[in-house]
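Listing of start36.tsv, TSV, N, CA and C atoms
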```tsv
chain	number	residue	atom	x	y	z
H	1	MET	N	-10.22	-5.52	-0.07
H	1	MET	CA	-9.18	-4.89	0.70
H	1	MET	C	-8.61	-5.82	1.74
H	2	TYR	N	-9.03	-7.05	1.73
H	2	TYR	CA	-8.60	-8.00	2.75
H	2	TYR	C	-7.56	-8.98	2.22
H	3	GLY	N	-6.66	-8.50	1.39
H	3	GLY	CA	-5.51	-9.27	0.97
H	3	GLY	C	-5.81	-10.37	-0.02
H	4	PRO	N	-4.80	-11.01	-0.45
H	4	PRO	CA	-3.40	-10.80	-0.08
H	4	PRO	C	-2.80	-9.57	-0.76
H	5	ALA	N	-1.68	-9.11	-0.25
H	5	ALA	CA	-1.03	-7.93	-0.80
H	5	ALA	C	-0.64	-8.17	-2.26
H	6	GLY	N	-0.68	-7.08	-3.04
H	6	GLY	CA	-0.29	-7.16	-4.44
H	6	GLY	C	-1.44	-7.49	-5.38
H	7	PHE	N	-2.66	-7.48	-4.87
H	7	PHE	CA	-3.82	-7.75	-5.70
H	7	PHE	C	-4.69	-6.50	-5.81
H	8	ALA	N	-5.49	-6.45	-6.85
H	8	ALA	CA	-6.36	-5.31	-7.10
H	8	ALA	C	-7.65	-5.44	-6.29
H	9	TYR	N	-8.13	-4.30	-5.81
H	9	TYR	CA	-9.45	-4.21	-5.18
H	9	TYR	C	-10.12	-2.99	-5.80
H	10	VAL	N	-11.25	-3.18	-6.45
H	10	VAL	CA	-11.96	-2.10	-7.13
H	10	VAL	C	-13.35	-1.98	-6.52
H	11	PHE	N	-13.73	-0.76	-6.17
H	11	PHE	CA	-15.07	-0.55	-5.62
H	11	PHE	C	-15.76	0.56	-6.41
H	12	LEU	N	-17.05	0.63	-6.23
H	12	LEU	CA	-17.89	1.60	-6.94
H	12	LEU	C	-18.37	2.65	-5.94
H	13	VAL	N	-18.20	3.94	-6.27
H	13	VAL	CA	-18.71	5.01	-5.42
H	13	VAL	C	-19.83	5.75	-6.13
H	14	TYR	N	-20.78	6.21	-5.36
H	14	TYR	CA	-21.94	6.94	-5.89
H	14	TYR	C	-22.67	6.15	-6.97
H	15	GLY	N	-22.47	4.83	-6.99
H	15	GLY	CA	-23.15	4.00	-7.96
H	15	GLY	C	-22.70	4.19	-9.39
H	16	MET	N	-21.57	4.93	-9.59
H	16	MET	CA	-21.16	5.19	-10.98
H	16	MET	C	-19.67	5.27	-11.22
H	17	HIS	N	-18.86	5.50	-10.21
H	17	HIS	CA	-17.42	5.68	-10.41
H	17	HIS	C	-16.63	4.53	-9.79
H	18	HIS	N	-15.77	3.92	-10.58
H	18	HIS	CA	-14.90	2.87	-10.06
H	18	HIS	C	-13.65	3.51	-9.44
H	19	CYS	N	-13.14	2.89	-8.38
H	19	CYS	CA	-11.91	3.32	-7.73
H	19	CYS	C	-11.01	2.10	-7.56
H	20	PHE	N	-9.76	2.25	-8.00
H	20	PHE	CA	-8.79	1.15	-8.01
H	20	PHE	C	-7.83	1.28	-6.84
H	21	ASN	N	-7.69	0.20	-6.10
H	21	ASN	CA	-6.78	0.13	-4.96
H	21	ASN	C	-5.84	-1.05	-5.16
H	22	THR	N	-4.65	-0.94	-4.61
H	22	THR	CA	-3.77	-2.10	-4.53
H	22	THR	C	-3.72	-2.52	-3.06
H	23	VAL	N	-3.99	-3.77	-2.83
H	23	VAL	CA	-4.01	-4.31	-1.46
H	23	VAL	C	-2.58	-4.34	-0.93
H	24	THR	N	-2.41	-3.95	0.33
H	24	THR	CA	-1.07	-3.80	0.90
H	24	THR	C	-0.81	-4.63	2.15
H	25	GLU	N	-1.80	-5.28	2.68
H	25	GLU	CA	-1.63	-6.00	3.94
H	25	GLU	C	-1.74	-7.51	3.76
H	26	ALA	N	-1.52	-8.24	4.83
H	26	ALA	CA	-1.63	-9.70	4.82
H	26	ALA	C	-3.08	-10.10	4.57
H	27	ASP	N	-3.26	-11.26	4.00
H	27	ASP	CA	-4.60	-11.78	3.73
H	27	ASP	C	-5.44	-11.78	5.01
H	28	GLY	N	-6.64	-11.23	4.92
H	28	GLY	CA	-7.53	-11.18	6.06
H	28	GLY	C	-7.47	-9.90	6.87
H	29	TYR	N	-6.48	-9.04	6.61
H	29	TYR	CA	-6.36	-7.77	7.33
H	29	TYR	C	-6.59	-6.63	6.33
H	30	PRO	N	-7.51	-5.71	6.61
H	30	PRO	CA	-7.83	-4.67	5.63
H	30	PRO	C	-6.72	-3.63	5.47
H	31	GLY	N	-6.35	-3.37	4.25
H	31	GLY	CA	-5.36	-2.33	3.97
H	31	GLY	C	-5.13	-2.23	2.48
H	32	ALA	N	-5.21	-1.03	1.95
H	32	ALA	CA	-5.02	-0.82	0.52
H	32	ALA	C	-4.64	0.63	0.26
H	33	VAL	N	-4.08	0.86	-0.91
H	33	VAL	CA	-3.73	2.21	-1.35
H	33	VAL	C	-4.59	2.56	-2.55
H	34	LEU	N	-5.34	3.66	-2.44
H	34	LEU	CA	-6.15	4.15	-3.55
H	34	LEU	C	-5.24	4.81	-4.58
H	35	ILE	N	-5.36	4.40	-5.82
H	35	ILE	CA	-4.58	5.00	-6.90
H	35	ILE	C	-5.37	6.21	-7.40
H	36	ARG	N	-4.88	7.42	-7.10
H	36	ARG	CA	-5.60	8.65	-7.39
H	36	ARG	C	-5.24	9.27	-8.73
H	37	ALA	N	-4.08	8.88	-9.31
H	37	ALA	CA	-3.66	9.50	-10.58
H	37	ALA	C	-2.65	8.60	-11.27
H	38	ILE	N	-2.53	8.78	-12.57
H	38	ILE	CA	-1.52	8.07	-13.36
H	38	ILE	C	-0.85	9.08	-14.28
H	39	GLU	N	0.37	8.78	-14.66
H	39	GLU	CA	1.05	9.58	-15.67
H	39	GLU	C	0.76	8.94	-17.01
H	40	PRO	N	0.05	9.64	-17.88
H	40	PRO	CA	-0.37	9.02	-19.14
H	40	PRO	C	0.79	8.76	-20.09
H	41	HIS	N	0.62	7.68	-20.85
H	41	HIS	CA	1.55	7.37	-21.93
H	41	HIS	C	0.84	7.67	-23.25
H	42	GLU	N	1.48	7.39	-24.34
H	42	GLU	CA	0.98	7.81	-25.66
H	42	GLU	C	-0.52	7.63	-25.85
H	43	GLN	N	-1.05	6.45	-25.59
H	43	GLN	CA	-2.43	6.18	-25.94
H	43	GLN	C	-3.34	6.02	-24.72
H	44	THR	N	-2.94	6.60	-23.60
H	44	THR	CA	-3.75	6.52	-22.39
H	44	THR	C	-4.41	7.87	-22.15
H	45	GLN	N	-5.68	7.82	-21.78
H	45	GLN	CA	-6.38	9.06	-21.43
H	45	GLN	C	-5.80	9.63	-20.14
H	46	ARG	N	-6.14	10.87	-19.90
H	46	ARG	CA	-5.76	11.54	-18.66
H	46	ARG	C	-6.33	10.79	-17.46
H	47	GLY	N	-5.58	10.73	-16.38
H	47	GLY	CA	-6.04	10.02	-15.19
H	47	GLY	C	-5.73	10.79	-13.93
H	48	THR	N	-6.32	11.96	-13.77
H	48	THR	CA	-6.05	12.80	-12.59
H	48	THR	C	-7.24	12.78	-11.64
H	49	GLY	N	-7.50	11.65	-11.08
H	49	GLY	CA	-8.58	11.42	-10.14
H	49	GLY	C	-8.90	9.93	-10.18
H	50	PRO	N	-9.36	9.36	-9.08
H	50	PRO	CA	-9.58	7.91	-9.04
H	50	PRO	C	-10.50	7.38	-10.13
H	51	ALA	N	-11.61	8.07	-10.38
H	51	ALA	CA	-12.54	7.60	-11.42
H	51	ALA	C	-11.92	7.74	-12.81
H	52	LEU	N	-11.15	8.80	-13.02
H	52	LEU	CA	-10.50	8.99	-14.34
H	52	LEU	C	-9.40	7.96	-14.57
H	53	VAL	N	-8.72	7.53	-13.51
H	53	VAL	CA	-7.74	6.45	-13.63
H	53	VAL	C	-8.44	5.20	-14.16
H	54	CYS	N	-9.55	4.86	-13.54
H	54	CYS	CA	-10.27	3.65	-13.95
H	54	CYS	C	-10.81	3.77	-15.37
H	55	ARG	N	-11.32	4.93	-15.71
H	55	ARG	CA	-11.83	5.13	-17.08
H	55	ARG	C	-10.69	5.02	-18.09
H	56	ALA	N	-9.54	5.64	-17.81
H	56	ALA	CA	-8.41	5.62	-18.74
H	56	ALA	C	-7.87	4.22	-18.96
H	57	LEU	N	-7.90	3.40	-17.92
H	57	LEU	CA	-7.31	2.06	-18.00
H	57	LEU	C	-8.35	0.95	-18.13
H	58	ALA	N	-9.62	1.33	-18.31
H	58	ALA	CA	-10.72	0.36	-18.45
H	58	ALA	C	-10.78	-0.61	-17.26
H	59	ILE	N	-10.66	-0.04	-16.06
H	59	ILE	CA	-10.72	-0.82	-14.83
H	59	ILE	C	-12.15	-0.77	-14.30
H	60	ASP	N	-12.70	-1.94	-13.97
H	60	ASP	CA	-14.00	-2.00	-13.32
H	60	ASP	C	-13.94	-3.10	-12.25
H	61	ARG	N	-15.07	-3.41	-11.63
H	61	ARG	CA	-15.06	-4.37	-10.52
H	61	ARG	C	-14.63	-5.77	-10.95
H	62	ALA	N	-14.69	-6.06	-12.25
H	62	ALA	CA	-14.21	-7.36	-12.74
H	62	ALA	C	-12.70	-7.50	-12.52
H	63	CYS	N	-12.01	-6.38	-12.29
H	63	CYS	CA	-10.56	-6.42	-12.06
H	63	CYS	C	-10.21	-6.76	-10.62
H	64	THR	N	-11.19	-6.75	-9.73
H	64	THR	CA	-10.91	-7.11	-8.34
H	64	THR	C	-10.35	-8.52	-8.29
H	65	GLY	N	-9.26	-8.68	-7.55
H	65	GLY	CA	-8.64	-9.99	-7.40
H	65	GLY	C	-7.52	-10.26	-8.38
H	66	LEU	N	-7.30	-9.36	-9.35
H	66	LEU	CA	-6.19	-9.58	-10.28
H	66	LEU	C	-4.86	-9.43	-9.56
H	67	ASP	N	-3.94	-10.30	-9.87
H	67	ASP	CA	-2.60	-10.25	-9.31
H	67	ASP	C	-1.83	-9.15	-10.05
H	68	LEU	N	-1.44	-8.11	-9.34
H	68	LEU	CA	-0.80	-6.95	-9.97
H	68	LEU	C	0.66	-7.20	-10.33
H	69	THR	N	1.13	-8.43	-10.13
H	69	THR	CA	2.49	-8.77	-10.55
H	69	THR	C	2.51	-9.66	-11.78
H	70	SER	N	1.34	-10.21	-12.15
H	70	SER	CA	1.36	-11.16	-13.27
H	70	SER	C	0.15	-11.10	-14.20
H	71	SER	N	-0.73	-10.15	-14.02
H	71	SER	CA	-1.92	-10.06	-14.87
H	71	SER	C	-1.77	-8.92	-15.88
H	72	SER	N	-2.81	-8.72	-16.69
H	72	SER	CA	-2.77	-7.62	-17.67
H	72	SER	C	-2.85	-6.26	-16.99
H	73	LEU	N	-3.33	-6.21	-15.76
H	73	LEU	CA	-3.31	-4.99	-14.95
H	73	LEU	C	-2.15	-5.14	-13.97
H	74	TYR	N	-1.14	-4.30	-14.10
H	74	TYR	CA	0.04	-4.46	-13.27
H	74	TYR	C	0.63	-3.10	-12.90
H	75	LEU	N	1.43	-3.11	-11.87
H	75	LEU	CA	2.14	-1.91	-11.43
H	75	LEU	C	3.55	-1.98	-11.97
H	76	LYS	N	4.03	-0.87	-12.48
H	76	LYS	CA	5.36	-0.81	-13.08
H	76	LYS	C	6.24	0.09	-12.22
H	77	ALA	N	7.49	-0.30	-12.08
H	77	ALA	CA	8.44	0.51	-11.31
H	77	ALA	C	8.58	1.88	-11.96
H	78	ALA	N	8.69	2.88	-11.16
H	78	ALA	CA	8.86	4.26	-11.64
H	78	ALA	C	10.16	4.80	-11.06
H	79	PRO	N	10.65	5.89	-11.61
H	79	PRO	CA	11.85	6.50	-11.03
H	79	PRO	C	11.60	6.89	-9.57
H	80	SER	N	12.64	6.82	-8.77
H	80	SER	CA	12.53	7.21	-7.37
H	80	SER	C	12.20	8.69	-7.25
H	81	VAL	N	11.52	9.03	-6.19
H	81	VAL	CA	11.21	10.42	-5.87
H	81	VAL	C	11.85	10.72	-4.53
H	82	ALA	N	12.66	11.74	-4.47
H	82	ALA	CA	13.35	12.11	-3.23
H	82	ALA	C	12.33	12.49	-2.16
H	83	ASP	N	12.64	12.16	-0.91
H	83	ASP	CA	11.72	12.48	0.18
H	83	ASP	C	11.30	13.95	0.16
H	84	GLN	N	12.20	14.86	-0.21
H	84	GLN	CA	11.91	16.29	-0.21
H	84	GLN	C	10.85	16.65	-1.26
H	85	GLN	N	10.65	15.79	-2.25
H	85	GLN	CA	9.66	16.05	-3.30
H	85	GLN	C	8.31	15.42	-3.00
H	86	VAL	N	8.25	14.59	-1.97
H	86	VAL	CA	7.00	13.93	-1.61
H	86	VAL	C	6.20	14.86	-0.69
H	87	ARG	N	4.93	15.04	-1.01
H	87	ARG	CA	4.04	15.83	-0.17
H	87	ARG	C	3.04	14.90	0.50
H	88	VAL	N	2.63	15.30	1.69
H	88	VAL	CA	1.72	14.52	2.50
H	88	VAL	C	0.56	15.42	2.92
H	89	GLY	N	-0.64	14.88	2.89
H	89	GLY	CA	-1.79	15.66	3.32
H	89	GLY	C	-2.96	14.75	3.65
H	90	PRO	N	-4.07	15.33	4.07
H	90	PRO	CA	-5.24	14.53	4.41
H	90	PRO	C	-5.86	13.94	3.14
H	91	ARG	N	-6.55	12.86	3.33
H	91	ARG	CA	-7.27	12.23	2.22
H	91	ARG	C	-8.37	13.18	1.73
H	92	ILE	N	-8.83	12.94	0.54
H	92	ILE	CA	-9.84	13.81	-0.09
H	92	ILE	C	-11.18	13.08	-0.16
H	93	GLY	N	-12.24	13.79	0.16
H	93	GLY	CA	-13.59	13.24	0.01
H	93	GLY	C	-14.01	12.29	1.10
H	94	VAL	N	-13.38	12.36	2.27
H	94	VAL	CA	-13.76	11.46	3.37
H	94	VAL	C	-14.10	12.24	4.64
H	95	GLU	N	-14.67	13.42	4.46
H	95	GLU	CA	-15.01	14.25	5.60
H	95	GLU	C	-15.91	13.51	6.58
H	96	TYR	N	-16.71	12.58	6.10
H	96	TYR	CA	-17.62	11.81	6.93
H	96	TYR	C	-16.87	10.94	7.95
H	97	ALA	N	-15.56	10.74	7.77
H	97	ALA	CA	-14.77	9.85	8.63
H	97	ALA	C	-14.35	10.51	9.94
H	98	GLY	N	-14.84	11.72	10.20
H	98	GLY	CA	-14.53	12.38	11.46
H	98	GLY	C	-13.04	12.66	11.62
H	99	GLU	N	-12.49	12.35	12.79
H	99	GLU	CA	-11.07	12.65	13.06
H	99	GLU	C	-10.14	11.89	12.12
H	100	TRP	N	-10.56	10.75	11.59
H	100	TRP	CA	-9.72	9.97	10.67
H	100	TRP	C	-9.52	10.70	9.35
H	101	ALA	N	-10.41	11.58	8.99
H	101	ALA	CA	-10.30	12.30	7.72
H	101	ALA	C	-9.07	13.21	7.68
H	102	ALA	N	-8.61	13.65	8.83
H	102	ALA	CA	-7.49	14.60	8.88
H	102	ALA	C	-6.12	13.92	8.87
H	103	HIS	N	-6.08	12.60	9.00
H	103	HIS	CA	-4.78	11.91	9.01
H	103	HIS	C	-4.05	12.14	7.69
H	104	PRO	N	-2.75	12.35	7.73
H	104	PRO	CA	-1.97	12.60	6.51
H	104	PRO	C	-1.65	11.30	5.76
H	105	TRP	N	-2.69	10.72	5.15
H	105	TRP	CA	-2.54	9.43	4.49
H	105	TRP	C	-2.59	9.56	2.97
H	106	ARG	N	-2.40	10.75	2.48
H	106	ARG	CA	-2.34	10.97	1.03
H	106	ARG	C	-0.93	11.44	0.70
H	107	PHE	N	-0.30	10.78	-0.26
H	107	PHE	CA	1.08	11.08	-0.65
H	107	PHE	C	1.12	11.38	-2.13
H	108	TRP	N	1.96	12.37	-2.54
H	108	TRP	CA	2.09	12.67	-3.96
H	108	TRP	C	3.43	13.32	-4.26
H	109	ASP	N	3.80	13.27	-5.54
H	109	ASP	CA	5.02	13.89	-6.04
H	109	ASP	C	4.71	15.37	-6.28
H	110	ALA	N	5.40	16.25	-5.57
H	110	ALA	CA	5.13	17.69	-5.67
H	110	ALA	C	5.33	18.23	-7.08
H	111	ASP	N	6.18	17.60	-7.88
H	111	ASP	CA	6.47	18.10	-9.22
H	111	ASP	C	5.61	17.48	-10.32
H	112	SER	N	4.79	16.51	-9.99
H	112	SER	CA	4.01	15.85	-11.03
H	112	SER	C	2.83	16.70	-11.48
H	113	PRO	N	2.68	16.93	-12.78
H	113	PRO	CA	1.52	17.66	-13.29
H	113	PRO	C	0.28	16.77	-13.35
H	114	HIS	N	0.42	15.49	-13.00
H	114	HIS	CA	-0.69	14.54	-13.12
H	114	HIS	C	-1.39	14.26	-11.80
H	115	VAL	N	-1.03	14.97	-10.75
H	115	VAL	CA	-1.62	14.77	-9.44
H	115	VAL	C	-3.06	15.28	-9.45
H	116	SER	N	-3.96	14.50	-8.82
H	116	SER	CA	-5.33	14.98	-8.68
H	116	SER	C	-5.36	16.03	-7.58
H	117	ARG	N	-6.20	17.02	-7.72
H	117	ARG	CA	-6.33	18.11	-6.74
H	117	ARG	C	-5.00	18.82	-6.50
H	118	ARG	N	-4.40	19.33	-7.56
H	118	ARG	CA	-3.09	19.99	-7.47
H	118	ARG	C	-3.09	21.17	-6.51
H	119	GLY	N	-4.24	21.77	-6.25
H	119	GLY	CA	-4.29	22.92	-5.37
H	119	GLY	C	-4.04	22.60	-3.91
H	120	VAL	N	-4.06	21.32	-3.57
H	120	VAL	CA	-3.79	20.92	-2.19
H	120	VAL	C	-2.28	20.87	-2.02
H	121	THR	N	-1.73	21.70	-1.14
H	121	THR	CA	-0.28	21.82	-1.05
H	121	THR	C	0.38	20.79	-0.15
H	122	GLY	N	-0.20	20.42	0.95
H	122	GLY	CA	0.38	19.43	1.84
H	122	GLY	C	1.65	19.92	2.49
H	123	THR	N	2.31	18.99	3.18
H	123	THR	CA	3.58	19.28	3.82
H	123	THR	C	4.64	18.32	3.27
H	124	THR	N	5.90	18.65	3.47
H	124	THR	CA	6.98	17.79	3.02
H	124	THR	C	7.01	16.51	3.83
H	125	PHE	N	7.21	15.40	3.16
H	125	PHE	CA	7.26	14.09	3.78
H	125	PHE	C	8.46	13.98	4.72
H	126	ASP	N	8.26	13.42	5.89
H	126	ASP	CA	9.32	13.13	6.83
H	126	ASP	C	9.26	11.63	7.12
H	127	PRO	N	10.31	10.87	6.77
H	127	PRO	CA	10.27	9.42	6.99
H	127	PRO	C	9.94	9.02	8.42
H	128	ALA	N	10.21	9.89	9.38
H	128	ALA	CA	9.87	9.58	10.78
H	128	ALA	C	8.37	9.41	10.98
H	129	MET	N	7.57	9.95	10.04
H	129	MET	CA	6.12	9.83	10.14
H	129	MET	C	5.66	8.36	10.07
H	130	LEU	N	6.49	7.52	9.47
H	130	LEU	CA	6.12	6.12	9.29
H	130	LEU	C	6.46	5.24	10.48
H	131	ARG	N	7.12	5.80	11.47
H	131	ARG	CA	7.51	5.00	12.63
H	131	ARG	C	6.45	5.00	13.68
```

Represent the structure contained in this file as structure tokens.
Amino acid sequence: MYGPAGFAYVFLVYGMHHCFNTVTEADGYPGAVLIRAIEPHEQTQRGTGPALVCRALAIDRACTGLDLTSSSLYLKAAPSVADQQVRVGPRIGVEYAGEWAAHPWRFWDADSPHVSRRGVTGTTFDPAMLR
């Protein structure tokens, strides 16, 4: 998670589940986005949860350090989502983080059937939140 931006960081939770992150900050500064879900294509398994994303895409810790702009594991541009369709809510599974657990650092497309934990409603995204 310590950069450079645009590279993969994969960690193991509970000794059995891989979680894929894309590093977002400058080299040496911790920052990454956890990929919680994917929209499956023809031959991809369902990926509605971090561990299922990794299972569907055969991602493991060997993928840490891959350049997500030029390797076999890459991020592809998707259609834009209007701010009104973006939902924001607290992260999931980090209750141990105390007050940090409640920060609205989870973002998702309200209309996507592939979102993990669809029952979490969140609030509508306001770009002013990023300032």

Stretch 13-17 of chain H environment, 8 Å, all atoms listed in the file, sequence neighbours closer than 5 positions dropped, as a list of chain:residue names:
H:Pro50, H:Ala51, H:Leu52, H:Cys54, H:Arg55, H:Asp60

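Among the candidate residues H:Ala128, H:Val115, H:Ile92, H:Ala5, the one lying nearest to H:Glu39 is H:Val115, with distances computed using all atoms listed in the file.
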
Using only C-alpha atoms, which protein or nucleic acid residues come within 9 Å of stretch 20-35 of chain H? Drop anything in the same chain fewer than 6 positions from it, and give the result as a list in words.
Met1, Tyr2, Gly3, Pro4, Ala5, Gly6, Phe7, Ala8, Tyr9, Val10, Phe11, Gly49, Pro50, Ala51, Val53, Cys54, Ile59, Asp60, Arg61, Cys63, Thr64 and Leu68 of chain H

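Among the candidates H:Pro127, H:Pro90, H:Leu66, H:Ser116, the one nearest to H:Gly47 when counting only C-alpha atoms is H:Ser116.
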
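Compared by their closest atoms to H:Arg36, and using only C-alpha atoms, the residues H:Leu130, H:Thr124, H:Tyr74, H:Phe107 rank with H:Phe107 nearest.
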
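For the atom pair formed by atom N of H:Ile38 and atom C of H:Pro79, the distance is 14.6 Å, given to one decimal.
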
Can you pull out every residue from chain H that DSSP, working from the backbone, puts in alpha helix (DSSP H), and format the result as a PyMOL selection string?
chain H and resi 50-57

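For the atom pair formed by atom CA of H:Thr48 and atom C of H:Tyr96, the distance is 23.3 Å, given to one decimal.
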